[in-house]
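Novice: Compact mmCIF, C-alpha atoms (C1' of nucleotides), saved as coords_10.txt, coming up:
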# COMPACT_ATOMS: atom_id res chain seq x y z
CA MET C 220 24.21 -13.79 5.29
CA LYS C 221 21.16 -12.23 6.82
CA THR C 222 19.01 -14.26 9.16
CA LEU C 223 15.76 -13.79 10.98
CA THR C 224 14.75 -14.79 14.48
CA THR C 225 11.45 -16.39 15.24
CA GLY C 226 10.36 -13.11 16.76
CA ASP C 227 11.07 -11.24 13.54
CA ILE C 228 9.02 -13.71 11.61
CA ALA C 229 6.25 -13.69 14.16
CA LYS C 230 5.92 -9.94 13.77
CA MET C 231 6.06 -10.03 10.01
CA CYS C 232 3.44 -12.74 9.73
CA ASP C 233 1.33 -11.33 12.54
CA VAL C 234 1.46 -14.67 14.24
CA ASN C 235 2.52 -15.92 17.62
CA LEU C 236 6.16 -16.72 18.18
CA ARG C 237 5.11 -20.11 19.39
CA THR C 238 3.59 -20.79 16.03
CA VAL C 239 6.71 -19.89 14.16
CA ILE C 240 8.69 -22.33 16.27
CA ARG C 241 6.16 -25.00 15.47
CA TRP C 242 6.45 -24.31 11.76
CA ILE C 243 10.16 -24.82 12.02
CA ASP C 244 9.85 -27.93 14.17
CA ARG C 245 7.37 -29.40 11.76
CA GLY C 246 9.79 -28.72 8.94
CA GLU C 247 7.45 -26.43 7.10
CA LEU C 248 9.83 -23.55 7.43
CA LYS C 249 13.48 -24.28 6.95
CA GLY C 250 15.71 -22.98 9.69
CA PHE C 251 18.62 -23.92 11.88
CA LYS C 252 19.34 -23.84 15.56
CA LEU C 253 22.03 -22.00 17.43
CA PRO C 254 24.16 -24.15 19.72
CA GLY C 255 23.01 -22.64 23.04
CA ARG C 256 19.46 -23.59 23.78
CA GLY C 257 18.64 -24.10 20.18
CA ASN C 258 17.44 -20.64 19.29
CA ASN C 259 16.14 -20.68 15.77
CA ARG C 260 17.42 -18.71 12.86
CA VAL C 261 15.96 -18.58 9.39
CA GLN C 262 17.68 -17.36 6.29
CA VAL C 263 15.87 -14.59 4.54
CA GLU C 264 15.71 -16.42 1.26
CA ASP C 265 14.28 -19.52 2.92
CA PHE C 266 11.67 -17.38 4.58
CA VAL C 267 10.79 -15.63 1.35
CA GLN C 268 10.49 -18.95 -0.40
CA PHE C 269 8.30 -20.19 2.41
CA LEU C 270 6.04 -17.15 2.06
CA HIS C 271 5.89 -17.62 -1.65
CA GLN C 272 5.02 -21.30 -1.42
CA HIS C 273 2.09 -20.56 0.83
CA GLY C 274 0.84 -17.59 -1.08
CA MET C 275 1.57 -15.33 1.81
CA PRO C 276 2.31 -11.66 1.25
CA ILE C 277 5.94 -10.70 1.35
CA PRO C 278 6.70 -7.76 3.63
CA GLN C 279 8.33 -5.00 1.73
CA GLU C 280 11.22 -4.69 4.16
CA LEU C 281 12.37 -8.00 2.76
CA SER C 282 12.12 -7.12 -0.88
CA GLY C 283 13.45 -3.75 0.20
CA GLU C 284 17.03 -4.90 0.18
CA GLY C 285 18.08 -5.59 -3.33
CA ASN C 286 15.15 -3.46 -4.35
CA ASN C 287 15.18 -3.45 -8.10
CA ARG C 288 11.80 -1.93 -8.70
CA ILE C 289 11.48 0.83 -11.22
CA LEU C 290 8.53 3.16 -11.55
CA ILE C 291 7.89 4.49 -15.02
CA ILE C 292 6.02 7.77 -15.06
CA ASP C 293 4.93 8.68 -18.56
CA ASP C 294 1.55 9.77 -19.80
CA GLU C 295 2.08 8.17 -23.19
CA ALA C 296 1.10 4.61 -22.48
CA ALA C 297 2.94 3.29 -25.52
CA VAL C 298 6.20 4.89 -24.49
CA ALA C 299 5.76 3.69 -20.93
CA ARG C 300 5.15 0.15 -22.07
CA SER C 301 8.15 0.24 -24.30
CA ILE C 302 10.37 1.43 -21.49
CA GLY C 303 8.89 -1.22 -19.27
CA ARG C 304 9.67 -3.94 -21.76
CA VAL C 305 13.26 -2.89 -22.06
CA LEU C 306 13.80 -2.67 -18.33
CA ARG C 307 12.08 -5.92 -17.56
CA SER C 308 14.21 -7.71 -20.06
CA GLY C 309 17.13 -6.12 -18.23
CA GLY C 310 16.04 -7.88 -15.07
CA TYR C 311 14.16 -5.13 -13.31
CA ALA C 312 10.69 -5.12 -11.84
CA THR C 313 8.62 -2.34 -13.34
CA THR C 314 5.45 -0.45 -12.64
CA ILE C 315 3.80 2.06 -14.91
CA ALA C 316 2.02 5.25 -13.96
CA THR C 317 0.33 7.21 -16.70
CA ASP C 318 -0.64 10.28 -14.80
CA GLY C 319 0.70 12.35 -11.96
CA PHE C 320 -1.67 11.02 -9.38
CA GLN C 321 -0.76 7.43 -10.04
CA GLY C 322 2.85 8.45 -10.19
CA GLY C 323 2.76 10.02 -6.77
CA SER C 324 0.89 7.27 -5.04
CA LEU C 325 2.82 4.43 -6.60
CA LEU C 326 6.02 6.17 -5.70
CA MET C 327 5.02 6.26 -2.05
CA LYS C 328 3.43 2.87 -2.03
CA GLN C 329 6.17 0.92 -3.68
CA GLN C 330 9.16 3.01 -2.80
CA PRO C 331 10.91 2.02 -6.00
CA ALA C 332 14.66 2.30 -6.20
CA LEU C 333 14.49 4.23 -9.44
CA VAL C 334 12.01 6.36 -11.30
CA THR C 335 11.94 7.31 -14.94
CA LEU C 336 10.17 10.59 -15.26
CA ASP C 337 8.74 12.29 -18.30
CA LEU C 338 9.39 15.98 -17.81
CA ARG C 339 6.43 17.05 -19.77
CA MET C 340 3.28 15.65 -18.29
CA PRO C 341 -0.03 17.38 -18.63
CA GLY C 342 -0.81 19.39 -15.56
CA ILE C 343 2.37 18.92 -13.64
CA SER C 344 5.80 20.24 -13.98
CA GLY C 345 8.48 17.61 -13.95
CA TYR C 346 10.63 20.04 -12.02
CA ASP C 347 8.07 20.23 -9.27
CA VAL C 348 7.98 16.47 -9.14
CA LEU C 349 11.75 16.37 -8.87
CA LYS C 350 11.74 18.87 -6.09
CA PHE C 351 9.03 16.98 -4.30
CA ILE C 352 10.92 13.72 -4.54
CA ARG C 353 14.10 15.28 -3.28
CA THR C 354 12.52 17.07 -0.36
CA THR C 355 10.40 14.18 0.83
CA PRO C 356 12.41 12.05 3.26
CA GLU C 357 10.87 8.78 2.09
CA THR C 358 11.96 9.33 -1.47
CA ALA C 359 14.95 11.62 -1.25
CA ALA C 360 17.31 8.78 -2.09
CA THR C 361 15.31 7.46 -5.00
CA ARG C 362 17.25 7.64 -8.21
CA VAL C 363 15.56 9.61 -10.95
CA ILE C 364 16.11 9.46 -14.67
CA VAL C 365 14.41 12.26 -16.54
CA ILE C 366 13.29 11.34 -20.01
CA SER C 367 12.19 14.12 -22.26
CA ALA C 368 12.03 15.47 -25.76
CA LEU C 369 12.78 18.94 -24.50
CA ASP C 370 15.88 20.91 -25.40
CA PRO C 371 19.26 20.40 -23.76
CA LEU C 372 18.77 23.44 -21.59
CA SER C 373 15.69 21.97 -20.01
CA LEU C 374 17.50 18.72 -19.44
CA GLN C 375 20.35 20.55 -17.81
CA ARG C 376 17.87 22.24 -15.54
CA ALA C 377 16.49 18.84 -14.58
CA LEU C 378 19.99 17.77 -13.58
CA ASP C 379 20.36 20.94 -11.56
CA GLU C 380 17.13 20.21 -9.77
CA GLY C 381 18.24 16.82 -8.67
CA ALA C 382 17.83 14.32 -11.49
CA ASP C 383 20.49 11.64 -11.43
CA ALA C 384 20.53 11.39 -15.19
CA VAL C 385 18.67 12.62 -18.22
CA LEU C 386 17.81 10.95 -21.46
CA ALA C 387 16.76 12.85 -24.56
CA LYS C 388 13.90 11.47 -26.58
CA PRO C 389 14.05 9.67 -28.83
CA PHE C 390 16.46 7.38 -27.14
CA ASP C 391 18.09 4.11 -27.84
CA ASN C 392 17.13 1.12 -25.73
CA GLN C 393 20.74 0.42 -25.07
CA GLN C 394 21.31 3.92 -23.81
CA LEU C 395 18.44 3.50 -21.42
CA ILE C 396 19.51 0.18 -20.05
CA ASN C 397 23.08 1.40 -19.67
CA LEU C 398 21.93 4.37 -17.68
CA VAL C 399 19.75 2.27 -15.45
CA ARG C 400 22.46 -0.34 -14.92
CA ASP C 401 24.73 2.44 -13.92
CA LEU C 402 22.38 3.89 -11.35
CA LEU C 403 20.88 0.65 -10.14
CA PRO C 404 23.23 -2.28 -10.50
CA LEU C 405 21.56 -5.64 -10.15
CA PRO C 406 22.85 -7.90 -7.35
CA ASP C 407 25.17 -9.90 -9.60
CA HIS C 408 23.83 -12.77 -11.66
CA SER C 409 22.19 -12.22 -15.01
CA SER C 410 23.72 -8.80 -15.25
CA ASN C 411 25.95 -9.71 -18.09
CA PRO C 412 26.44 -6.41 -19.84
CA ALA C 413 27.64 -8.13 -22.97
CA MET N 150 1.45 -5.99 8.52
CA LYS N 151 -1.85 -6.33 10.24
CA THR N 152 -4.02 -9.30 9.46
CA LEU N 153 -7.40 -10.59 10.43
CA THR N 154 -8.59 -14.10 11.13
CA THR N 155 -11.80 -15.46 9.78
CA GLY N 156 -13.22 -15.15 13.25
CA ASP N 157 -12.43 -11.44 13.41
CA ILE N 158 -14.14 -10.91 10.12
CA ALA N 159 -17.09 -13.06 11.06
CA LYS N 160 -17.68 -10.89 14.11
CA MET N 161 -17.26 -7.63 12.21
CA CYS N 162 -19.61 -8.68 9.45
CA ASP N 163 -21.97 -10.38 11.86
CA VAL N 164 -21.77 -13.49 9.80
CA ASN N 165 -20.88 -17.08 10.42
CA LEU N 166 -17.23 -18.03 10.36
CA ARG N 167 -18.09 -20.71 7.89
CA THR N 168 -19.28 -18.09 5.48
CA VAL N 169 -16.12 -16.06 5.70
CA ILE N 170 -14.11 -19.12 4.83
CA ARG N 171 -16.32 -19.68 1.82
CA TRP N 172 -15.83 -16.10 0.67
CA ILE N 173 -12.12 -16.66 0.76
CA ASP N 174 -12.29 -20.04 -0.93
CA ARG N 175 -14.47 -18.60 -3.65
CA GLY N 176 -11.93 -15.86 -4.17
CA GLU N 177 -14.33 -13.07 -3.34
CA LEU N 178 -12.24 -12.02 -0.41
CA LYS N 179 -8.52 -12.07 -0.84
CA GLY N 180 -6.65 -13.93 1.82
CA PHE N 181 -3.92 -16.44 2.39
CA LYS N 182 -3.44 -19.55 4.41
CA LEU N 183 -1.04 -20.33 7.19
CA PRO N 184 0.94 -23.49 6.67
CA GLY N 185 -0.41 -25.50 9.58
CA ARG N 186 -3.94 -26.50 8.91
CA GLY N 187 -4.42 -23.70 6.48
CA ASN N 188 -5.83 -21.15 8.84
CA ASN N 189 -6.85 -18.13 6.86
CA ARG N 190 -5.52 -14.63 7.25
CA VAL N 191 -6.74 -11.53 5.50
CA GLN N 192 -4.88 -8.29 5.25
CA VAL N 193 -6.78 -5.35 6.60
CA GLU N 194 -6.52 -3.37 3.38
CA ASP N 195 -7.91 -6.23 1.36
CA PHE N 196 -10.77 -6.64 3.76
CA VAL N 197 -11.55 -2.96 3.66
CA GLN N 198 -11.56 -3.00 -0.10
CA PHE N 199 -13.87 -5.99 -0.05
CA LEU N 200 -16.26 -4.19 2.26
CA HIS N 201 -16.27 -1.13 0.13
CA GLN N 202 -16.80 -3.04 -3.08
CA HIS N 203 -19.90 -4.60 -1.62
CA GLY N 204 -21.18 -1.42 -0.08
CA MET N 205 -20.81 -2.90 3.36
CA PRO N 206 -20.28 -0.63 6.33
CA ILE N 207 -16.71 -0.33 7.51
CA PRO N 208 -16.19 -0.90 11.22
CA GLN N 209 -14.73 2.00 13.15
CA GLU N 210 -11.73 0.09 14.36
CA LEU N 211 -10.62 -0.45 10.79
CA SER N 212 -11.05 2.97 9.29
CA GLY N 213 -8.14 4.21 11.32
CA GLU N 214 -9.83 5.05 14.56
CA GLY N 215 -8.87 8.52 15.70
CA ASN N 216 -7.68 9.45 12.24
CA ASN N 217 -9.10 12.86 11.49
CA ARG N 218 -6.71 13.89 8.79
CA ILE N 219 -8.10 15.39 5.63
CA LEU N 220 -6.22 15.79 2.39
CA ILE N 221 -7.29 18.69 0.22
CA ILE N 222 -6.50 18.23 -3.44
CA ASP N 223 -7.07 21.42 -5.40
CA ASP N 224 -4.81 23.14 -7.86
CA GLU N 225 -6.11 26.56 -6.92
CA ALA N 226 -4.04 27.31 -3.88
CA ALA N 227 -6.44 29.98 -2.67
CA VAL N 228 -9.38 27.61 -2.72
CA ALA N 229 -7.35 24.91 -1.05
CA ARG N 230 -6.27 27.23 1.73
CA SER N 231 -9.79 28.37 2.25
CA ILE N 232 -11.05 24.81 2.57
CA GLY N 233 -8.20 24.08 4.90
CA ARG N 234 -9.08 26.99 7.14
CA VAL N 235 -12.67 25.89 7.42
CA LEU N 236 -11.83 22.30 8.20
CA ARG N 237 -9.14 23.12 10.69
CA SER N 238 -11.51 25.34 12.58
CA GLY N 239 -13.85 22.35 12.53
CA GLY N 240 -11.28 20.35 14.43
CA TYR N 241 -9.64 18.41 11.60
CA ALA N 242 -6.02 18.08 10.63
CA THR N 243 -5.47 19.13 7.05
CA THR N 244 -2.90 18.77 4.33
CA ILE N 245 -2.95 20.51 0.99
CA ALA N 246 -1.87 19.14 -2.36
CA THR N 247 -1.92 21.46 -5.33
CA ASP N 248 -1.21 19.00 -8.07
CA GLY N 249 -1.91 15.40 -8.88
CA PHE N 250 1.50 14.16 -8.01
CA GLN N 251 1.46 15.64 -4.56
CA GLY N 252 -2.09 14.44 -4.19
CA GLY N 253 -1.19 10.88 -4.93
CA SER N 254 1.87 10.71 -2.78
CA LEU N 255 0.35 12.47 0.21
CA LEU N 256 -2.63 10.21 -0.05
CA MET N 257 -0.44 7.14 0.27
CA LYS N 258 1.92 8.66 2.77
CA GLN N 259 -0.60 10.03 5.20
CA GLN N 260 -3.50 7.73 4.61
CA PRO N 261 -5.99 10.46 5.42
CA ALA N 262 -9.48 9.50 6.48
CA LEU N 263 -11.03 11.86 3.98
CA VAL N 264 -10.05 13.57 0.76
CA THR N 265 -11.58 16.59 -0.88
CA LEU N 266 -11.01 16.33 -4.57
CA ASP N 267 -11.32 18.94 -7.24
CA LEU N 268 -12.72 17.14 -10.25
CA ARG N 269 -11.10 19.42 -12.71
CA MET N 270 -7.38 19.40 -12.26
CA PRO N 271 -5.01 20.07 -15.09
CA GLY N 272 -3.73 16.87 -16.60
CA ILE N 273 -5.71 14.36 -14.61
CA SER N 274 -9.25 13.27 -14.67
CA GLY N 275 -10.92 13.34 -11.30
CA TYR N 276 -12.78 10.22 -12.33
CA ASP N 277 -9.53 8.39 -12.86
CA VAL N 278 -8.40 9.48 -9.46
CA LEU N 279 -11.61 8.23 -7.94
CA LYS N 280 -11.25 4.90 -9.62
CA PHE N 281 -7.68 4.61 -8.52
CA ILE N 282 -8.56 5.37 -4.93
CA ARG N 283 -11.36 2.85 -4.93
CA THR N 284 -9.39 0.05 -6.49
CA THR N 285 -6.31 0.46 -4.37
CA PRO N 286 -6.72 -1.58 -1.20
CA GLU N 287 -4.88 0.91 0.97
CA THR N 288 -7.26 3.71 0.09
CA ALA N 289 -10.47 1.98 -0.86
CA ALA N 290 -12.17 3.04 2.35
CA THR N 291 -11.00 6.63 2.25
CA ARG N 292 -13.97 8.93 2.10
CA VAL N 293 -13.98 11.26 -0.86
CA ILE N 294 -15.81 14.51 -1.28
CA VAL N 295 -15.71 15.78 -4.83
CA ILE N 296 -15.77 19.55 -5.11
CA SER N 297 -16.35 21.01 -8.50
CA ALA N 298 -17.87 23.80 -10.50
CA LEU N 299 -19.00 21.35 -13.13
CA ASP N 300 -22.61 20.67 -13.98
CA PRO N 301 -24.88 18.39 -11.94
CA LEU N 302 -24.46 15.60 -14.45
CA SER N 303 -20.73 15.48 -13.90
CA LEU N 304 -21.26 15.51 -10.18
CA GLN N 305 -23.68 12.64 -10.47
CA ARG N 306 -21.10 10.74 -12.42
CA ALA N 307 -18.62 11.34 -9.63
CA LEU N 308 -21.07 9.80 -7.20
CA ASP N 309 -21.50 6.87 -9.52
CA GLU N 310 -17.78 6.38 -9.67
CA GLY N 311 -17.45 6.12 -5.93
CA ALA N 312 -17.44 9.58 -4.41
CA ASP N 313 -19.08 9.63 -1.00
CA ALA N 314 -20.43 13.11 -1.55
CA VAL N 315 -20.21 16.01 -3.97
CA LEU N 316 -20.22 19.73 -3.42
CA ALA N 317 -20.92 22.22 -6.17
CA LYS N 318 -18.76 25.29 -6.37
CA PRO N 319 -19.24 27.85 -5.12
CA PHE N 320 -20.13 26.39 -1.79
CA ASP N 321 -20.95 27.61 1.60
CA ASN N 322 -18.52 26.88 4.41
CA GLN N 323 -21.30 25.52 6.51
CA GLN N 324 -22.29 23.09 3.76
CA LEU N 325 -18.75 21.84 3.60
CA ILE N 326 -18.31 21.36 7.30
CA ASN N 327 -21.65 19.64 7.55
CA LEU N 328 -20.72 17.21 4.83
CA VAL N 329 -17.40 16.46 6.42
CA ARG N 330 -18.90 16.06 9.89
CA ASP N 331 -21.30 13.64 8.38
CA LEU N 332 -18.66 11.50 6.72
CA LEU N 333 -16.01 11.82 9.37
CA PRO N 334 -17.47 12.37 12.81
CA LEU N 335 -14.96 13.56 15.33
CA PRO N 336 -14.45 11.27 18.34
CA ASP N 337 -16.97 13.05 20.55
CA HIS N 338 -16.02 16.27 22.25
CA SER N 339 -16.62 19.55 20.48
CA SER N 340 -18.75 17.83 17.90
CA ASN N 341 -21.97 19.27 19.11
CA PRO N 342 -24.00 19.59 15.95
CA ALA N 343 -26.52 21.81 17.71
C1' DT U 42 -48.45 -15.50 -7.81
C1' DG U 43 -46.65 -19.80 -6.68
C1' DC U 44 -43.55 -23.58 -7.37
C1' DG U 45 -39.10 -25.80 -7.73
C1' DT U 46 -34.29 -25.46 -8.09
C1' DA U 47 -29.85 -23.57 -7.37
C1' DT U 48 -26.99 -21.23 -4.40
C1' DA U 49 -25.70 -19.12 -0.07
C1' DT U 50 -25.55 -19.18 4.75
C1' DG U 51 -26.13 -21.23 9.50
C1' DT U 52 -25.47 -25.14 12.87
C1' DC U 53 -23.10 -28.75 15.29
C1' DA U 54 -19.71 -31.84 16.85
C1' DT U 55 -15.06 -33.01 16.16
C1' DT U 56 -10.24 -32.33 15.41
C1' DA U 57 -6.22 -29.72 14.91
C1' DA U 58 -3.79 -25.45 14.96
C1' DT U 59 -2.74 -21.28 17.14
C1' DG U 60 -2.59 -18.20 21.30
C1' DT U 61 -1.46 -17.44 26.26
C1' DC U 62 0.98 -17.63 30.48
C1' DA U 63 4.60 -18.10 33.63
C1' DC U 64 9.16 -19.07 33.78
C1' DT U 65 13.92 -20.01 32.35
C1' DA U 66 17.78 -19.50 29.34
C1' DT U 67 20.11 -17.15 25.79
C1' DT U 68 21.55 -13.12 23.10
C1' DC U 69 22.14 -8.44 22.50
C1' DT U 70 23.75 -3.86 24.31
C1' DT U 71 26.52 -0.85 26.64
C1' DA S 125 30.59 -8.33 32.65
C1' DA S 126 25.88 -6.94 33.86
C1' DG S 127 21.41 -5.72 32.72
C1' DA S 128 17.94 -5.52 29.20
C1' DA S 129 15.68 -7.55 25.66
C1' DT S 130 14.36 -11.45 23.43
C1' DA S 131 13.63 -16.51 22.60
C1' DG S 132 12.42 -21.28 24.13
C1' DT S 133 9.35 -24.52 26.79
C1' DG S 134 5.37 -27.03 28.58
C1' DA S 135 0.73 -27.07 29.84
C1' DC S 136 -3.40 -25.41 28.82
C1' DA S 137 -7.06 -22.21 26.83
C1' DT S 138 -8.91 -20.42 22.48
C1' DT S 139 -10.05 -20.43 18.22
C1' DA S 140 -10.29 -22.11 13.36
C1' DA S 141 -11.24 -25.77 9.87
C1' DT S 142 -14.13 -29.48 8.29
C1' DG S 143 -17.92 -32.40 6.79
C1' DA S 144 -22.59 -33.24 6.73
C1' DC S 145 -26.77 -31.41 6.89
C1' DA S 146 -30.54 -27.86 7.93
C1' DT S 147 -32.31 -23.32 6.48
C1' DA S 148 -32.74 -19.57 4.21
C1' DT S 149 -32.74 -16.52 -0.04
C1' DA S 150 -32.67 -15.62 -4.91
C1' DC S 151 -34.04 -16.70 -9.41
C1' DG S 152 -36.30 -18.68 -13.41
C1' DC S 153 -40.43 -20.23 -15.17
C1' DA S 154 -45.00 -21.43 -15.76
What's the structure tokens form of this structure?

Specialist:
Amino acid sequence: MKTLTTGDIAKMCDVNLRTVIRWIDRGELKGFKLPGRGNNRVQVEDFVQFLHQHGMPIPQELSGEGNNRILIIDDEAAVARSIGRVLRSGGYATTIATDGFQGGSLLMKQQPALVTLDLRMPGISGYDVLKFIRTTPETAATRVIVISALDPLSLQRALDEGADAVLAKPFDNQQLINLVRDLLPLPDHSSNPA
Amino acid sequence: MKTLTTGDIAKMCDVNLRTVIRWIDRGELKGFKLPGRGNNRVQVEDFVQFLHQHGMPIPQELSGEGNNRILIIDDEAAVARSIGRVLRSGGYATTIATDGFQGGSLLMKQQPALVTLDLRMPGISGYDVLKFIRTTPETAATRVIVISALDPLSLQRALDEGADAVLAKPFDNQQLINLVRDLLPLPDHSSNPA
DNA sequence: TGCGTATATGTCATTAATGTCACTATTCTT
DNA sequence: AAGAATAGTGACATTAATGACATATACGCA
């Protein structure tokens, strides 16, 4: 069980520590007190719920754990949407990028746990993208599934360059979701791989 | 996460606090409320985007004070290096991206104060990039200089779509540095525009 | 151009929340 | 176990929200 101190919360909300204590005292934020002098602790999920209830932004370090966000990079919007639908129904949060620029910036901005990458995008080489992801510290650990209609040799090359998995187009939805489940298991519930 | 109070914003916009609250209530400025009495907080990026959308000047302290980093997005490495040389000798810190993916991720990662953008990059439309930059809160205030060999009409369109300045290729180094100095004045020393 | 109306912004006093400070006590680190 | 870092407390200073109303400012229309 992960808990937060009032100081943690104060920093995250850009608010005075005093204020956080008052929120707790007033019962607006659920927390509990340690035996000693009554230092407060708040469970992460209570805090997240609190943020949600008040329409406050949720710091990404909190959604960072159990990060189940997937970035779909594919210039064919229809394909991207289709992938998105499948993954969302599998319980993942998805974002779509339809060109390299969006792909790059969303990757950095959201720091998704997994990326599906179309090898053949106009203007950029999927291999370069792979290399970039692997050599950039912020994204080196991001899992990458390369999706492409290219020949097996090209797919093998993608694996050599750091892809975690490849998927030949056209692909079966089940194949896709299996791959993703493999690379990015969901916490526990709702992941009934029936 | 850095946030602003209505009072901060009121001072920066030289406007009554009351008015800021109304902007938020009306949904024109994105913000959220603290639990207590509903004190408003606005994230800096959202505020910056708001300012930009309304063509309002962006206070120094928000546009990343001493940030003098420039991102050069150009697929012709030679051109990019040349621009880089000029700007570095002008006292700026530069980074080069030679494709859209790098461009996007370096933009988000480094949050440069200024971007030089080649309109004509393989696979991505410079206009799309412009729109993306302008509609993404984190980058809405980033100054953009579009550099292109395209006709005046295309350059005008770039201005319409949010570029802060355009530069026709081929260009003179002095033109470039003047433009940049104009959009991104260096703190003080060595910026003697004699 | 001038009028009237709608809408936006400013003002003021009041009330309530948040910030600050100095200090003490507790937890965390090593 | 000791020192460093962090959290709690009370009193008080600041600052924000609110309602009601005064002033703009913009806009439509004659």

Novice: Find the residues in chain N near chain S: any atom within 9 Å counts, using only C-alpha atoms (C1' of nucleotides). Write them as a PyMOL selection string.

Specialist: chain N and resi 154-156+166-167+170+186-189

Novice: After fitting chain N to chain C over all Cα atoms matched in order, what RMSD is left?

Specialist: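 Answer to one decimal place: 11.9 Å.
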
Novice: Output as a tab-separated table one row per residue of chain U within 9 Å of chain N: the closest atom pair and its distance in Å to one decimal place, counting all atoms listed in the file, sorted by chain and residue number ascending.

Specialist:
residue	atom	partner	partner_atom	distance
U:DA49	C1'	N:Thr168	CA	8.5
U:DT50	C1'	N:Thr168	CA	6.4
U:DG51	C1'	N:Asn165	CA	6.8
U:DA57	C1'	N:Arg186	CA	7.2
U:DA58	C1'	N:Arg186	CA	6.1
U:DT59	C1'	N:Asn188	CA	8.9

Novice: Mind dumping a table of every chain C residue within 10 Å of chain N, with the nearest atom pair and its distance in Å to one decimal, using only C-alpha atoms, sorted by chain and rising number, as a Markdown table?

Specialist:
| residue | atom | partner | partner_atom | distance |
| --- | --- | --- | --- | --- |
| C:Lys230 | CA | N:Met150 | CA | 7.9 |
| C:Met231 | CA | N:Met150 | CA | 6.3 |
| C:Cys232 | CA | N:Met150 | CA | 7.1 |
| C:Asp233 | CA | N:Lys151 | CA | 6.4 |
| C:Val234 | CA | N:Thr152 | CA | 9.0 |
| C:Thr238 | CA | N:Gly185 | CA | 8.9 |
| C:Arg241 | CA | N:Gly185 | CA | 8.8 |
| C:Trp242 | CA | N:Gly185 | CA | 7.3 |
| C:Arg245 | CA | N:Gly185 | CA | 9.0 |
| C:Glu247 | CA | N:Pro184 | CA | 7.2 |
| C:Leu248 | CA | N:Pro184 | CA | 8.9 |
| C:Phe269 | CA | N:Pro184 | CA | 9.1 |
| C:Leu270 | CA | N:Leu183 | CA | 9.3 |
| C:Gln272 | CA | N:Pro184 | CA | 9.3 |
| C:His273 | CA | N:Pro184 | CA | 6.6 |
| C:Gly274 | CA | N:Phe181 | CA | 6.0 |
| C:Met275 | CA | N:Phe181 | CA | 5.6 |
| C:Pro276 | CA | N:Phe181 | CA | 7.9 |
| C:Ile277 | CA | N:Met150 | CA | 9.7 |
| C:Pro278 | CA | N:Met150 | CA | 7.4 |
| C:Gln279 | CA | N:Met150 | CA | 9.7 |
| C:Asp294 | CA | N:Gly272 | CA | 9.4 |
| C:Thr317 | CA | N:Ile273 | CA | 9.6 |
| C:Asp318 | CA | N:Ile273 | CA | 6.5 |
| C:Gly319 | CA | N:Phe250 | CA | 4.4 |
| C:Phe320 | CA | N:Gly249 | CA | 4.4 |
| C:Gln321 | CA | N:Gly253 | CA | 6.2 |
| C:Gly322 | CA | N:Phe250 | CA | 6.3 |
| C:Gly323 | CA | N:Ser254 | CA | 4.1 |
| C:Ser324 | CA | N:Gly253 | CA | 4.2 |
| C:Leu325 | CA | N:Ser254 | CA | 7.4 |
| C:Leu326 | CA | N:Ser254 | CA | 6.8 |
| C:Met327 | CA | N:Ser254 | CA | 5.5 |
| C:Lys328 | CA | N:Met257 | CA | 6.2 |
| C:Gln329 | CA | N:Met257 | CA | 9.9 |
| C:Met340 | CA | N:Gly272 | CA | 7.3 |
| C:Pro341 | CA | N:Gly272 | CA | 4.3 |
| C:Gly342 | CA | N:Gly272 | CA | 4.0 |
| C:Ile343 | CA | N:Asp248 | CA | 6.6 |
| C:Ser344 | CA | N:Asp248 | CA | 9.3 |
| C:Gly345 | CA | N:Phe250 | CA | 9.8 |
| C:Asp347 | CA | N:Phe250 | CA | 9.0 |
| C:Val348 | CA | N:Phe250 | CA | 7.0 |
| C:Phe351 | CA | N:Gln251 | CA | 7.7 |
| C:Ile352 | CA | N:Gln251 | CA | 9.7 |
| C:Thr355 | CA | N:Ser254 | CA | 9.9 |
| C:Glu357 | CA | N:Lys258 | CA | 9.0 |

Novice: What is the distance, in Å and to one decimal place, between CA of Ala387 in chain C and CA of Tyr311 in chain C?

Specialist: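 Separation between CA of Ala387 in chain C and CA of Tyr311 in chain C: 21.4 Å.
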
Novice: For Ala289 in chain N, find every residue with an atom within 7 Å (counting all atoms listed in the file), except residues of its own chain fewer than 5 positions away, and show them as number ranges by chain.

Specialist: N: 197-198, 201, 282-284

Novice: Could the residues in this selection be saved with C-alpha atoms as a PDB file, keeping the file's coordinate frame?

Specialist:
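Full text of result.pdb as output:
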ATOM      1  CA  VAL N 197     -11.550  -2.960   3.660  1.00  0.00           C
ATOM      2  CA  GLN N 198     -11.560  -3.000  -0.100  1.00  0.00           C
ATOM      3  CA  HIS N 201     -16.270  -1.130   0.130  1.00  0.00           C
ATOM      4  CA  ILE N 282      -8.560   5.370  -4.930  1.00  0.00           C
ATOM      5  CA  ARG N 283     -11.360   2.850  -4.930  1.00  0.00           C
ATOM      6  CA  THR N 284      -9.390   0.050  -6.490  1.00  0.00           C
TER       7      THR N 284
END

Novice: Take every atom of range 53-65 of chain U listed in the file, pad by 4 Å on each side, and give me the axis-aligned box centre and edge lengths in Å, one decimal, as lines of an AutoDock Vina configuration file.

Specialist:
center_x = -4.6
center_y = -25.2
center_z = 24.3
size_x = 45.0
size_y = 23.6
size_z = 26.9

Novice: Expressed in Å to a single decimal, how great is the separation between CA of Ser212 in chain N and CA of Leu332 in chain N?

Specialist: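 Separating CA of Ser212 in chain N from CA of Leu332 in chain N is a distance of 11.7 Å.
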
Novice: Work out how far apart CA of Asp337 in chain C and CA of Ala296 in chain C are and give it in Å to one decimal.

Specialist: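 Computed distance, CA of Asp337 in chain C to CA of Ala296 in chain C, equals 11.6 Å.
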